[in-house]
Every structure is written in C-alpha cells, then in structure tokens.
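Note sheet for the following structure.
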Amino acid sequence: MNTKRIWEINSYIQQKGEVHLSELVALFPDFSAMTIRRDIDYLEQQGFVVRTRGGAKSISHLTRLKEDVFVKRELENRGAKEIIAKKALSFLEGGRSFFLDSGTTLLNLAALVPENCGVLITAGPNIAVELCRHGQQNVSVLGGSVNTENLSISGASALEQLRNVNIDVAFMATSGFTIEAGFSVGNINEAQLKRLVITRAQRVVMLMDHSKLENRLPYSFANFVDVNALITEDLPPPKIIEAARQAGTELI
C-alpha cells in the first residue's frame with residue numbers, strides 16, 4: 001500500500017470537496033484507475049470520503065454543507081418564528097404532557113418553555129437539548145431514524161413509542177400548506193409520524209410562518225379539520241381564513 005499516494009489523494013479530495021476519478025488518474029498517471037479506486041475504497045473505510053458514481057466526496061465537506069443548511073434555515077424568517085413561538089406559549093397552560101415537533105420554529109418555542117412545564121416529548125434531538133439547556137427536567141426524545149436534513153426523528157421505532165403516549169397538546173410544524181393538499185412535508189416517514197401524533201393529542205397547534213403558504217410537498221399529513229389552532233406571524237390571505245373558519249380552526 002502506497003501510503004504517500006493515498007494521503008495525497010485524500011488531501012486533494014478534502015481541498016476540492018468532490019472530485020471525479022478521471023481527475024485523480026490524471027494527477028497520478030503512473031497508477032491505474034483500478035488502483036485509484038482501491039485508494040478511494042480505503043479512504044472511505046477510514047471515514048474520510050464517501051464514494052460517488054464517478055469519484056468521491058469529502059465527508060467533512062458534506063458535514064459543513066449540512067451545517068450551513070441548518071444555520072441558514074434557523075436564520076430564515078427568524079423574526080416571524082420568534083413571534084409565532086411567543087404566541088404559542090399560552091397553550092402550555094393547564095396541560096401535563098406536550099409534544100414538540102421538529103423544526104426551527106419549534107426550536108424557538110423550546111427556548112421559551114417555562115421550567116417544570118410537565119412531560120415534554122419531541123421528535124427533534126436538537127430541541128431536546130434546547131429544552132434541557134433551559135432547565136426542563138422531564139424531556140423525552142423519540143428513538144428512530146434521524147433525517148440529517150432537518151434533525152427530525154421518525155420511522156418504525158418512533159411510531160411504536162408514540163402509540164403508548166397520551167399527549168395533551170401537540171405543537172406541530174409543516175413544510176408547506178395549500179388549501180387543496182393541506183399541511184405537507186417532503187418525507188413519507190415524517191408524514192406518518194405527524195399523523196400519529198395528531199391522533200394521540202387532545203389539542204393540535206400548528207406553527208407556520210408565511211413562507212410555507214402555497215408550498216405543496218409530496219406527503220400530506222393533516223388538514224384544517226385535524227388542527228385546533230393555527231399560529232402565524234400575521235393573518236393569512238382571506239381564502240385561508242375562510243377555510244379555517246369552516247373547519248373550526250382558531251387562527252392566532
């Protein structure tokens with residue numbers, strides 16, 4: 001094994017973020033494509049890169065991209081999300097068990113939850129950490145598969161756990177809303193989890209900023225008839241107000 005060549009390849013991939021096999025073959029003309037592929041296999045086994053169809057990507061580069069996405073999502077419509085979170089606080093009164101969905105709006109709410117609020121259950125590991133940081137003593141996070149795009153936990157294990165949970169108030173998030181499709185997300189496992197949470201909750205409070213309006217994603221999980229209250233930073237368009245009124249959903 002030519003250690004010097006392997007680490008030179010690794011250094012090149014880390015600098016570029018993503019490379020094609022042909023680039024590496026050109027850089028190391030004395031070695032065959034098969035040899036370079038074996039070097040990439042070794043680097044993948046060591047956790048430095050991930051193989052792609054035509055070459056390799058740096059793991060650290062992918063991680064930075066994910067972190068950038070999280071930071072960007074947290075900063076988007078930040079003022080609106082803070083307003084929504086503050087409005088949601090009144091629904092924490094009088095309950096004993098609360099579910100906090102995943103998402104950046106719920107992360108804002110987690111920072112505002114009063115101490116010793118009751119049993120707090122969440123589908124977001126980052127939300128569980130935020131709750132604990134602010135003095136919560138009774139926090140449970142669902143077990144299951146983590147969606148690395150938004151740090152949401154879902155899957156069979158999470159569903160099984162939820163079937164035995166009684167929820168007084170569920171604070172839910174959505175990726176999109178249209179009158180025709182209702183509330184929707186882009187991941188089928190998340191949609192299944194959200195549907196089950198809604199059936200287990202006495203009250204369902206949807207937290208949604210205006211950027212989600214008229215966005216229709218592949219998997220619908222609820223309509224106005226499933227939601228007791230919709231909290232936004234400002235009143236939505238008249239047609240949505242009317243649809244909520246007909247379904248008996250309170251707009252806040």
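Identifiers in this document derive from the order of the structure tokens: chains are assigned A, B, ..., residues are numbered from 1 separately in each chain, and ligands are numbered from 1 in order of occurrence.
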Strand (DSSP E) per DSSP on the backbone: members of region 22-224 of chain A, as number ranges by chain: A: 49-51, 55-58, 97-100, 119-122, 139-141, 145-147, 152-154, 167-173, 176-178, 182-185, 201-207, 219-222
message: Taking 4 positions as the minimum chain separation for residues in the same chain, which residues sit within 12 Å of Ile36 (chain A) when counting only C-alpha atoms? Answer as a PyMOL selection string.
response: chain A and resi 1-2+5-10+20-32+40-43+51+55-56
Would you export the selected residues with N, CA and C atoms as a PDB file, in the first residue's frame, please?
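Saved file selection.pdb follows:
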```
ATOM      1  N   MET A   1       0.842  -1.201   0.000  1.00  0.00           N
ATOM      2  CA  MET A   1       0.000   0.000   0.000  1.00  0.00           C
ATOM      3  C   MET A   1       0.879   1.253   0.000  1.00  0.00           C
ATOM      4  N   ASN A   2       0.640   2.117  -0.984  1.00  0.00           N
ATOM      5  CA  ASN A   2       1.405   3.352  -1.102  1.00  0.00           C
ATOM      6  C   ASN A   2       0.749   4.433  -0.245  1.00  0.00           C
ATOM      7  N   ARG A   5       0.822   8.120  -1.564  1.00  0.00           N
ATOM      8  CA  ARG A   5      -0.142   8.404  -2.633  1.00  0.00           C
ATOM      9  C   ARG A   5      -1.557   8.535  -2.060  1.00  0.00           C
ATOM     10  N   ILE A   6      -1.914   7.640  -1.155  1.00  0.00           N
ATOM     11  CA  ILE A   6      -3.265   7.655  -0.581  1.00  0.00           C
ATOM     12  C   ILE A   6      -3.540   8.968   0.135  1.00  0.00           C
ATOM     13  N   TRP A   7      -2.572   9.442   0.905  1.00  0.00           N
ATOM     14  CA  TRP A   7      -2.815  10.674   1.656  1.00  0.00           C
ATOM     15  C   TRP A   7      -2.742  11.903   0.766  1.00  0.00           C
ATOM     16  N   GLU A   8      -2.007  11.810  -0.330  1.00  0.00           N
ATOM     17  CA  GLU A   8      -2.033  12.895  -1.310  1.00  0.00           C
ATOM     18  C   GLU A   8      -3.411  12.960  -1.982  1.00  0.00           C
ATOM     19  N   ILE A   9      -3.980  11.796  -2.276  1.00  0.00           N
ATOM     20  CA  ILE A   9      -5.331  11.733  -2.841  1.00  0.00           C
ATOM     21  C   ILE A   9      -6.334  12.297  -1.851  1.00  0.00           C
ATOM     22  N   ASN A  10      -6.201  11.896  -0.583  1.00  0.00           N
ATOM     23  CA  ASN A  10      -7.119  12.383   0.445  1.00  0.00           C
ATOM     24  C   ASN A  10      -7.028  13.902   0.579  1.00  0.00           C
ATOM     25  N   HIS A  20     -13.723  13.899  -9.473  1.00  0.00           N
ATOM     26  CA  HIS A  20     -14.043  12.803 -10.376  1.00  0.00           C
ATOM     27  C   HIS A  20     -12.825  11.891 -10.469  1.00  0.00           C
ATOM     28  N   LEU A  21     -13.077  10.614 -10.694  1.00  0.00           N
ATOM     29  CA  LEU A  21     -11.984   9.648 -10.789  1.00  0.00           C
ATOM     30  C   LEU A  21     -10.977  10.052 -11.859  1.00  0.00           C
ATOM     31  N   SER A  22     -11.462  10.591 -12.969  1.00  0.00           N
ATOM     32  CA  SER A  22     -10.568  10.975 -14.067  1.00  0.00           C
ATOM     33  C   SER A  22      -9.566  12.038 -13.623  1.00  0.00           C
ATOM     34  N   GLU A  23      -9.975  12.926 -12.700  1.00  0.00           N
ATOM     35  CA  GLU A  23      -9.058  13.940 -12.173  1.00  0.00           C
ATOM     36  C   GLU A  23      -7.901  13.278 -11.432  1.00  0.00           C
ATOM     37  N   LEU A  24      -8.238  12.289 -10.616  1.00  0.00           N
ATOM     38  CA  LEU A  24      -7.210  11.612  -9.815  1.00  0.00           C
ATOM     39  C   LEU A  24      -6.280  10.790 -10.700  1.00  0.00           C
ATOM     40  N   VAL A  25      -6.830  10.170 -11.729  1.00  0.00           N
ATOM     41  CA  VAL A  25      -5.995   9.392 -12.659  1.00  0.00           C
ATOM     42  C   VAL A  25      -5.026  10.318 -13.379  1.00  0.00           C
ATOM     43  N   ALA A  26      -5.505  11.518 -13.723  1.00  0.00           N
ATOM     44  CA  ALA A  26      -4.630  12.491 -14.392  1.00  0.00           C
ATOM     45  C   ALA A  26      -3.532  12.983 -13.456  1.00  0.00           C
ATOM     46  N   LEU A  27      -3.846  13.108 -12.173  1.00  0.00           N
ATOM     47  CA  LEU A  27      -2.862  13.568 -11.195  1.00  0.00           C
ATOM     48  C   LEU A  27      -1.804  12.502 -10.905  1.00  0.00           C
ATOM     49  N   PHE A  28      -2.206  11.246 -11.038  1.00  0.00           N
ATOM     50  CA  PHE A  28      -1.300  10.132 -10.739  1.00  0.00           C
ATOM     51  C   PHE A  28      -1.225   9.214 -11.963  1.00  0.00           C
ATOM     52  N   PRO A  29      -0.577   9.694 -13.039  1.00  0.00           N
ATOM     53  CA  PRO A  29      -0.563   8.945 -14.310  1.00  0.00           C
ATOM     54  C   PRO A  29       0.178   7.614 -14.238  1.00  0.00           C
ATOM     55  N   ASP A  30       0.996   7.416 -13.218  1.00  0.00           N
ATOM     56  CA  ASP A  30       1.759   6.169 -13.119  1.00  0.00           C
ATOM     57  C   ASP A  30       0.931   5.042 -12.504  1.00  0.00           C
ATOM     58  N   PHE A  31      -0.316   5.348 -12.140  1.00  0.00           N
ATOM     59  CA  PHE A  31      -1.145   4.331 -11.495  1.00  0.00           C
ATOM     60  C   PHE A  31      -2.462   4.167 -12.263  1.00  0.00           C
ATOM     61  N   SER A  32      -2.994   2.962 -12.231  1.00  0.00           N
ATOM     62  CA  SER A  32      -4.211   2.664 -12.985  1.00  0.00           C
ATOM     63  C   SER A  32      -5.446   3.192 -12.259  1.00  0.00           C
ATOM     64  N   ILE A  40      -9.509   5.021  -2.982  1.00  0.00           N
ATOM     65  CA  ILE A  40     -10.752   5.670  -2.551  1.00  0.00           C
ATOM     66  C   ILE A  40     -11.524   4.755  -1.607  1.00  0.00           C
ATOM     67  N   ASP A  41     -11.546   3.450  -1.924  1.00  0.00           N
ATOM     68  CA  ASP A  41     -12.216   2.484  -1.043  1.00  0.00           C
ATOM     69  C   ASP A  41     -11.601   2.515   0.350  1.00  0.00           C
ATOM     70  N   TYR A  42     -10.275   2.569   0.395  1.00  0.00           N
ATOM     71  CA  TYR A  42      -9.581   2.602   1.686  1.00  0.00           C
ATOM     72  C   TYR A  42      -9.938   3.876   2.449  1.00  0.00           C
ATOM     73  N   LEU A  43      -9.935   5.012   1.767  1.00  0.00           N
ATOM     74  CA  LEU A  43     -10.270   6.280   2.423  1.00  0.00           C
ATOM     75  C   LEU A  43     -11.712   6.284   2.910  1.00  0.00           C
ATOM     76  N   ARG A  51     -17.732   7.384  -1.487  1.00  0.00           N
ATOM     77  CA  ARG A  51     -17.647   7.166  -2.925  1.00  0.00           C
ATOM     78  C   ARG A  51     -18.907   7.678  -3.625  1.00  0.00           C
ATOM     79  N   GLY A  55     -16.585   9.217  -8.656  1.00  0.00           N
ATOM     80  CA  GLY A  55     -15.394   9.606  -7.925  1.00  0.00           C
ATOM     81  C   GLY A  55     -15.601   9.535  -6.428  1.00  0.00           C
ATOM     82  N   ALA A  56     -15.404  10.674  -5.732  1.00  0.00           N
ATOM     83  CA  ALA A  56     -15.521  10.671  -4.270  1.00  0.00           C
ATOM     84  C   ALA A  56     -15.829  12.076  -3.771  1.00  0.00           C
TER      85      ALA A  56
END
```
Within 12 Å of region 105-119 of chain A, which residues of region 139-165 of chain A show up? Give each one with its shortest atom-to-atom distance in Å (one decimal) and the two atoms involved, counting only C-alpha atoms, rows by chain then rising residue number, as a tab-separated table.
```
residue	atom	partner	partner_atom	distance
A:Val139	CA	A:Val119	CA	6.3
A:Ser140	CA	A:Val119	CA	7.8
A:Val141	CA	A:Val119	CA	11.0
A:Asn150	CA	A:Leu107	CA	11.5
A:Leu151	CA	A:Leu107	CA	11.2
A:Ser152	CA	A:Leu106	CA	11.5
A:Val165	CA	A:Val119	CA	10.7
```
query: Where in region 75-227 of chain A does DSSP assign alpha helix (DSSP H), given as number ranges by chain?
result: A: 75, 78-88, 104-110, 125-133, 156-162, 188-200
- prompt: Between CA of Ser102 (chain A) and CA of Gln161 (chain A), what is the spacing in Å?
  reply: 16.4 Å
message: Applying 12 Å and only C-alpha atoms, which residues near Arg96 (chain A) remain after dropping the ones on its own chain fewer than 5 positions away? List them as an MDAnalysis selection string.
response: chainID A and resid 91 116:121 138 166:170 201:202
